[in-house]
file upload_24.cif (mmCIF, C-alpha atoms)
data_upload
loop_
_atom_site.label_atom_id
_atom_site.label_comp_id
_atom_site.auth_asym_id
_atom_site.auth_seq_id
_atom_site.Cartn_x
_atom_site.Cartn_y
_atom_site.Cartn_z
CA MET A 512 75.79 159.32 66.02
CA LYS A 513 76.89 161.95 68.48
CA ILE A 514 78.45 161.01 71.81
CA THR A 515 78.98 163.65 74.48
CA ASN A 516 80.41 163.29 77.97
CA GLN A 517 79.66 165.24 81.09
CA ILE A 518 81.55 164.76 84.33
CA LYS A 519 79.95 165.15 87.76
CA ASP A 520 82.37 164.21 90.55
CA THR A 521 82.98 160.48 90.16
CA THR A 522 80.17 160.04 87.63
CA ILE A 523 80.47 160.27 83.88
CA ILE A 524 77.29 160.90 81.94
CA ILE A 525 77.44 159.70 78.34
CA THR A 526 74.74 161.13 76.10
CA LEU A 527 73.95 159.17 72.95
CA ASP A 528 72.29 161.05 70.10
CA GLY A 529 71.35 159.23 66.90
CA GLU A 530 71.47 155.64 65.70
CA LEU A 531 73.82 152.92 66.94
CA ASP A 532 74.33 150.46 64.11
CA ALA A 533 77.21 148.35 62.77
CA SER A 534 78.76 151.49 61.34
CA SER A 535 78.40 153.98 64.20
CA SER A 536 78.94 151.58 67.12
CA VAL A 537 82.70 151.75 66.48
CA MET A 538 82.62 155.28 67.96
CA LEU A 539 80.89 154.05 71.10
CA ASP A 540 83.40 151.24 71.47
CA GLU A 541 86.25 153.74 71.29
CA ALA A 542 84.57 155.96 73.90
CA LEU A 543 84.07 153.04 76.32
CA SER A 544 87.61 151.75 75.70
CA ASP A 545 89.17 155.05 76.81
CA PRO A 546 91.26 154.16 79.90
CA GLU A 547 90.02 157.33 81.59
CA ILE A 548 86.54 155.83 81.88
CA MET A 549 87.88 153.35 84.45
CA THR A 550 88.61 156.24 86.82
CA TYR A 551 84.88 156.89 87.42
CA SER A 552 82.66 154.95 89.80
CA LYS A 553 79.47 155.36 87.76
CA ILE A 554 78.72 155.51 84.06
CA LEU A 555 75.28 156.91 83.29
CA VAL A 556 74.08 156.52 79.72
CA ASP A 557 71.41 159.02 78.67
CA CYS A 558 69.40 157.31 75.90
CA LYS A 559 66.76 160.01 75.32
CA ASP A 560 67.97 160.75 71.78
CA LEU A 561 69.12 157.23 71.01
CA ASN A 562 66.64 156.44 68.24
CA TYR A 563 67.94 153.05 67.19
CA ILE A 564 70.20 150.25 68.37
CA SER A 565 71.25 147.13 66.49
CA SER A 566 73.13 144.07 67.74
CA ALA A 567 76.41 145.88 67.03
CA GLY A 568 75.46 148.60 69.53
CA LEU A 569 74.27 146.03 72.09
CA GLY A 570 77.49 144.10 71.50
CA VAL A 571 79.59 147.08 72.52
CA PHE A 572 77.81 147.27 75.91
CA ILE A 573 77.89 143.46 76.29
CA SER A 574 81.65 143.41 75.67
CA HIS A 575 82.45 146.08 78.28
CA LEU A 576 79.98 145.12 81.03
CA GLN A 577 82.10 142.51 82.81
CA ARG A 578 85.15 144.79 82.80
CA PHE A 579 83.11 147.55 84.47
CA GLU A 580 81.59 145.10 86.97
CA ASP A 581 85.03 143.73 87.86
CA ALA A 582 86.19 147.29 88.55
CA GLN A 583 82.97 147.94 90.54
CA ILE A 584 81.89 150.61 88.10
CA LYS A 585 78.13 150.88 87.77
CA LEU A 586 76.72 151.14 84.24
CA ILE A 587 73.20 152.59 84.23
CA PHE A 588 70.96 153.39 81.27
CA TYR A 589 68.14 155.91 81.57
CA ASN A 590 65.60 157.86 79.46
CA MET A 591 65.41 154.91 77.06
CA GLN A 592 62.74 155.00 74.33
CA ASP A 593 60.31 152.05 74.39
CA LYS A 594 61.35 150.76 70.97
CA VAL A 595 65.01 150.75 72.00
CA ARG A 596 64.27 149.11 75.35
CA ASN A 597 62.31 146.46 73.44
CA VAL A 598 65.52 145.44 71.61
CA PHE A 599 67.28 144.90 74.97
CA GLU A 600 64.24 142.88 76.11
CA ILE A 601 64.21 140.57 73.06
CA LEU A 602 67.59 139.23 74.20
CA GLY A 603 66.84 139.43 77.93
CA LEU A 604 69.48 142.12 78.36
CA ASP A 605 67.08 144.22 80.44
CA LEU A 606 67.56 141.60 83.17
CA LEU A 607 71.34 141.62 82.93
CA MET A 608 71.85 145.38 82.66
CA THR A 609 70.49 148.26 84.74
CA ILE A 610 67.89 150.30 82.87
CA VAL A 611 65.92 152.92 84.82
CA SER A 612 63.37 155.53 83.85
CA ASP A 613 65.06 158.86 84.43
CA TYR A 614 68.13 160.77 85.63
CA GLU A 615 66.91 161.06 89.24
CA GLU A 616 66.42 157.30 89.49
CA ALA A 617 69.76 156.69 87.83
CA MET A 618 71.52 158.93 90.36
CA THR A 619 69.73 157.24 93.29
CA ILE A 620 70.81 153.81 92.12
CA ALA A 621 74.29 155.06 91.38
CA ASP A 622 74.63 156.32 94.96
CA GLU A 623 73.55 153.05 96.59
CA MET B 1324 55.54 151.65 45.13
CA ASN B 1325 59.30 151.26 44.80
CA ASN B 1326 60.08 147.94 46.43
CA LYS B 1327 63.70 147.27 45.57
CA ILE B 1328 67.04 148.77 46.59
CA THR B 1329 70.62 147.82 45.75
CA VAL B 1330 73.57 149.15 47.75
CA SER B 1331 77.32 148.55 47.67
CA CYS B 1332 78.86 146.60 50.55
CA THR B 1333 79.87 149.30 53.01
CA LYS B 1334 78.47 149.66 56.53
CA LYS B 1335 77.59 153.30 55.87
CA ASN B 1336 74.83 152.08 53.53
CA LEU B 1337 72.91 150.36 56.34
CA LYS B 1338 71.20 153.65 57.14
CA GLN B 1339 69.95 153.83 53.54
CA ILE B 1340 68.52 150.31 53.85
CA ARG B 1341 66.75 151.15 57.12
CA ASP B 1342 65.28 154.32 55.61
CA PHE B 1343 64.06 152.34 52.61
CA VAL B 1344 62.33 149.72 54.82
CA THR B 1345 60.81 152.45 57.02
CA GLU B 1346 59.45 154.22 53.96
CA TYR B 1347 57.96 151.03 52.54
CA LEU B 1348 56.34 150.13 55.87
CA ALA B 1349 54.81 153.60 56.28
CA ALA B 1350 51.84 152.37 54.21
CA TYR B 1351 50.96 149.86 56.96
CA THR B 1352 49.55 150.45 60.41
CA LEU B 1353 52.33 149.37 62.71
CA THR B 1354 53.29 150.39 66.22
CA ASP B 1355 56.67 152.05 66.82
CA ILE B 1356 57.94 148.82 68.34
CA GLN B 1357 56.73 146.62 65.44
CA MET B 1358 58.21 149.01 62.89
CA ASN B 1359 61.53 149.14 64.73
CA GLN B 1360 61.71 145.35 65.08
CA ILE B 1361 61.17 144.75 61.36
CA VAL B 1362 63.68 147.43 60.34
CA LEU B 1363 66.14 145.92 62.85
CA ALA B 1364 65.79 142.37 61.51
CA VAL B 1365 66.48 143.51 57.94
CA ASP B 1366 69.40 145.69 59.13
CA GLU B 1367 70.94 142.72 60.98
CA ILE B 1368 70.85 140.46 57.92
CA CYS B 1369 72.23 143.20 55.66
CA ALA B 1370 75.01 144.05 58.17
CA ASN B 1371 76.03 140.36 58.28
CA LEU B 1372 76.08 140.14 54.50
CA ILE B 1373 78.06 143.36 54.09
CA ILE B 1374 80.60 142.63 56.85
CA HIS B 1375 80.99 138.84 56.89
CA ALA B 1376 79.81 137.51 53.52
CA ASN B 1377 81.31 140.32 51.43
CA SER B 1378 84.13 141.62 53.68
CA GLU B 1379 82.95 145.24 53.25
CA ASP B 1380 84.09 145.22 49.61
CA PRO B 1381 82.46 148.29 47.99
CA SER B 1382 82.78 146.74 44.53
CA LYS B 1383 80.21 144.14 45.67
CA SER B 1384 76.55 144.81 46.33
CA ILE B 1385 73.44 143.45 48.04
CA SER B 1386 69.83 143.86 46.94
CA LEU B 1387 66.71 143.97 49.06
CA SER B 1388 63.16 143.68 47.75
CA ILE B 1389 59.96 143.81 49.79
CA THR B 1390 56.53 142.48 48.94
CA GLU B 1391 53.33 142.02 50.92
CA LYS B 1392 50.60 139.47 50.31
CA ALA B 1393 47.60 138.78 52.53
CA GLY B 1394 49.17 140.50 55.53
CA MET B 1395 52.49 138.71 55.15
CA LEU B 1396 55.56 140.83 54.53
CA LYS B 1397 58.32 139.13 52.56
CA PHE B 1398 61.88 140.49 52.46
CA GLU B 1399 64.26 139.02 49.91
CA ILE B 1400 67.94 139.89 50.33
CA VAL B 1401 70.35 138.75 47.62
CA ASP B 1402 74.15 138.75 47.53
CA ASN B 1403 77.03 136.90 45.87
CA GLY B 1404 79.34 136.51 48.84
CA VAL B 1405 80.14 133.63 51.16
CA ALA B 1406 76.95 131.72 51.99
CA PHE B 1407 75.65 131.66 55.58
CA ARG B 1408 75.91 128.15 57.02
CA ARG B 1409 72.85 127.69 59.11
CA SER B 1410 73.92 124.23 60.24
CA GLU B 1411 76.89 125.83 62.00
CA TYR B 1412 74.76 128.45 63.74
CA LYS B 1413 74.34 128.24 67.51
CA GLU B 1414 71.97 130.37 69.60
CA PRO B 1415 74.12 132.68 71.71
CA ASN B 1416 74.43 132.40 75.49
CA ILE B 1417 74.31 136.10 76.39
CA GLU B 1418 75.58 135.62 79.94
CA GLU B 1419 78.63 133.85 78.52
CA HIS B 1420 79.14 136.70 76.02
CA ILE B 1421 79.15 139.16 78.92
CA ARG B 1422 81.57 137.00 80.92
CA VAL B 1423 84.13 136.80 78.12
CA GLY B 1424 83.45 140.29 76.72
CA LYS B 1425 82.32 139.08 73.30
CA LYS B 1426 81.25 141.81 70.93
CA GLY B 1427 79.34 140.06 68.17
CA GLY B 1428 77.11 137.10 67.55
CA VAL B 1429 73.67 138.20 68.75
CA GLY B 1430 72.27 139.63 65.49
CA ILE B 1431 70.82 136.43 64.05
CA ALA B 1432 69.21 135.66 67.43
CA LEU B 1433 67.35 138.99 67.16
CA VAL B 1434 66.25 138.15 63.60
CA ASN B 1435 65.03 134.68 64.61
CA ARG B 1436 63.03 136.09 67.51
CA ILE B 1437 61.49 138.94 65.52
CA MET B 1438 60.59 137.26 62.23
CA ASP B 1439 58.00 134.52 61.71
CA ARG B 1440 60.17 132.65 59.22
CA VAL B 1441 63.84 132.97 58.20
CA GLU B 1442 65.19 131.02 55.21
CA PHE B 1443 68.54 130.90 53.44
CA GLU B 1444 69.00 129.63 49.91
CA THR B 1445 72.10 129.26 47.74
CA SER B 1446 72.14 128.55 44.02
CA ASP B 1447 75.20 128.85 41.81
CA ARG B 1448 77.01 131.78 43.41
CA GLN B 1449 73.93 133.66 44.51
CA ASN B 1450 72.64 133.61 48.08
CA THR B 1451 69.14 134.68 49.05
CA CYS B 1452 67.79 135.29 52.53
CA PHE B 1453 64.00 135.33 52.91
CA LEU B 1454 62.40 136.96 55.94
CA TYR B 1455 58.66 136.65 56.57
CA LYS B 1456 56.61 138.67 59.02
CA LYS B 1457 52.85 138.50 59.53
CA ILE B 1458 51.46 141.97 60.18
CA LYS B 1459 47.69 141.47 59.93
#

call {"tool": "encode", "arguments": {"input": "upload_24.cif", "output": "structure tokens"}}
result
Amino acid sequence: MKITNQIKDTTIIITLDGELDASSSVMLDEALSDPEIMTYSKILVDCKDLNYISSAGLGVFISHLQRFEDAQIKLIFYNMQDKVRNVFEILGLDLLMTIVSDYEEAMTIADE
Amino acid sequence: MNNKITVSCTKKNLKQIRDFVTEYLAAYTLTDIQMNQIVLAVDEICANLIIHANSEDPSKSISLSITEKAGMLKFEIVDNGVAFRRSEYKEPNIEEHIRVGKKGGVGIALVNRIMDRVEFETSDRQNTCFLYKKIK
């Protein structure tokens, strides 16, 4: 699992590359727990190269979502592969989280 | 075809289990989504066994074997750790998990929704989880 960050003004773009399972999701949790992340107004998660997610990976997003919402930080997923999106859908998380098709759409929503 | 794998109880070995299931399933015509769901369900059970039942003790191991009969895939996962108590299991309320920031507890829900049948058996000190999935 490779996690890279890119900063654009008040937006942080987190690119996930690899597989998020019970082993690798610890890294993601550390990245999202970094106090600096609370200084941005939008967190965009690029899922193009996210090839797999298990409940441990979903759990990391579930556990941080309310904290971001309380701080009015938008968390937006984009470029998600169908098989990964399907895992969000099995639990109904696609209705509770913001998942859009591409970067342009993610930026539009983020600016609303 | 090789249909059995044994790994020691560390989370790093989950990748090896997923690769093994993917390789076994390559002989069947499955969509990307079907393939991913089945691999995920097996991964979730193995992760639970490694982390919770065996406390990530590398001196312990779990074994997975896969068979297929008349379009029904059967996964048999064996360990010697603490048995899963199904009677104490509750379906998660995801909205509540979000509200309180809970990290775990949605894996078995995924397994139950993906697989056609999920069974747990304990005899002596050996636990077996059976997962069934109809693919034809």

call {"tool": "resolve_selection", "arguments": {"input": "upload_24.cif", "expression": "the PyMOL selection byres ((chain A) within 12 of (chain B))", "output": "tab-separated table (two decimals) with C-alpha atoms, in the frame of the given file"}}
result
chain	number	residue	atom	x	y	z
A	512	MET	CA	75.79	159.32	66.02
A	529	GLY	CA	71.35	159.23	66.90
A	530	GLU	CA	71.47	155.64	65.70
A	531	LEU	CA	73.82	152.92	66.94
A	532	ASP	CA	74.33	150.46	64.11
A	533	ALA	CA	77.21	148.35	62.77
A	534	SER	CA	78.76	151.49	61.34
A	535	SER	CA	78.40	153.98	64.20
A	536	SER	CA	78.94	151.58	67.12
A	537	VAL	CA	82.70	151.75	66.48
A	540	ASP	CA	83.40	151.24	71.47
A	562	ASN	CA	66.64	156.44	68.24
A	563	TYR	CA	67.94	153.05	67.19
A	564	ILE	CA	70.20	150.25	68.37
A	565	SER	CA	71.25	147.13	66.49
A	566	SER	CA	73.13	144.07	67.74
A	567	ALA	CA	76.41	145.88	67.03
A	568	GLY	CA	75.46	148.60	69.53
A	569	LEU	CA	74.27	146.03	72.09
A	570	GLY	CA	77.49	144.10	71.50
A	571	VAL	CA	79.59	147.08	72.52
A	572	PHE	CA	77.81	147.27	75.91
A	573	ILE	CA	77.89	143.46	76.29
A	574	SER	CA	81.65	143.41	75.67
A	575	HIS	CA	82.45	146.08	78.28
A	576	LEU	CA	79.98	145.12	81.03
A	577	GLN	CA	82.10	142.51	82.81
A	578	ARG	CA	85.15	144.79	82.80
A	579	PHE	CA	83.11	147.55	84.47
A	580	GLU	CA	81.59	145.10	86.97
A	581	ASP	CA	85.03	143.73	87.86
A	592	GLN	CA	62.74	155.00	74.33
A	593	ASP	CA	60.31	152.05	74.39
A	594	LYS	CA	61.35	150.76	70.97
A	595	VAL	CA	65.01	150.75	72.00
A	596	ARG	CA	64.27	149.11	75.35
A	597	ASN	CA	62.31	146.46	73.44
A	598	VAL	CA	65.52	145.44	71.61
A	599	PHE	CA	67.28	144.90	74.97
A	600	GLU	CA	64.24	142.88	76.11
A	601	ILE	CA	64.21	140.57	73.06
A	602	LEU	CA	67.59	139.23	74.20
A	603	GLY	CA	66.84	139.43	77.93
A	604	LEU	CA	69.48	142.12	78.36
A	605	ASP	CA	67.08	144.22	80.44
A	606	LEU	CA	67.56	141.60	83.17
A	607	LEU	CA	71.34	141.62	82.93
A	608	MET	CA	71.85	145.38	82.66

call {"tool": "closest_residue", "arguments": {"input": "upload_24.cif", "among": "B:Lys1397, B:Arg1408, B:Lys1383, B:His1375", "to": "B:Ile1361", "atoms": "only C-alpha atoms"}}
result
B:Lys1397

call {"tool": "axis_aligned_box", "arguments": {"input": "upload_24.cif", "around": "stretch 537-543 of chain A", "padding_each_side": "6 Å", "output": "JSON"}}
result
{"center_x": 83.6, "center_y": 153.6, "center_z": 71.4, "size_x": 17.4, "size_y": 16.7, "size_z": 21.8}

call {"tool": "closest_residue", "arguments": {"input": "upload_24.cif", "among": "B:Ser1384, B:Gln1339, B:Thr1445, B:Thr1352", "to": "B:Val1365", "atoms": "all atoms listed in the file"}}
result
B:Gln1339

call {"tool": "residues_around", "arguments": {"input": "upload_24.cif", "residues": "B:Tyr1455", "least_positions_apart": "6", "cutoff": "12 Å", "atoms": "only C-alpha atoms", "output": "count of residues only"}}
result
25

call {"tool": "atom_distance", "arguments": {"input": "upload_24.cif", "atom1": "atom CA of B:Thr1329", "atom2": "atom CA of B:Asp1402"}}
result
9.9 Å

call {"tool": "atom_distance", "arguments": {"input": "upload_24.cif", "atom1": "atom CA of A:Glu547", "atom2": "atom CA of A:Met618"}}
result
20.5 Å

call {"tool": "closest_residue", "arguments": {"input": "upload_24.cif", "among": "B:Ile1373, B:Pro1381, B:Leu1387, B:Lys1459", "to": "B:Phe1343", "atoms": "all atoms listed in the file"}}
result
B:Leu1387

call {"tool": "residues_around", "arguments": {"input": "upload_24.cif", "residues": "A:Met549", "least_positions_apart": "3", "cutoff": "10 Å", "atoms": "all atoms listed in the file", "output": "PyMOL selection string"}}
result
chain A and resi 543-546+552-554+578-579+582-584

call {"tool": "atom_distance", "arguments": {"input": "upload_24.cif", "atom1": "atom CA of B:Ser1388", "atom2": "atom CA of B:Arg1409"}}
result
21.9 Å

call {"tool": "closest_residue", "arguments": {"input": "upload_24.cif", "among": "A:Ile610, A:Leu539, A:Ile525, A:Met591", "to": "A:Asp560", "atoms": "only C-alpha atoms"}}
result
A:Met591

call {"tool": "resolve_selection", "arguments": {"input": "upload_24.cif", "expression": "the PyMOL selection byres ((chain A and resi 587) around 6)", "output": "list in words"}}
result
Leu555, Leu586, Phe588, Thr609 and Ile610 of chain A
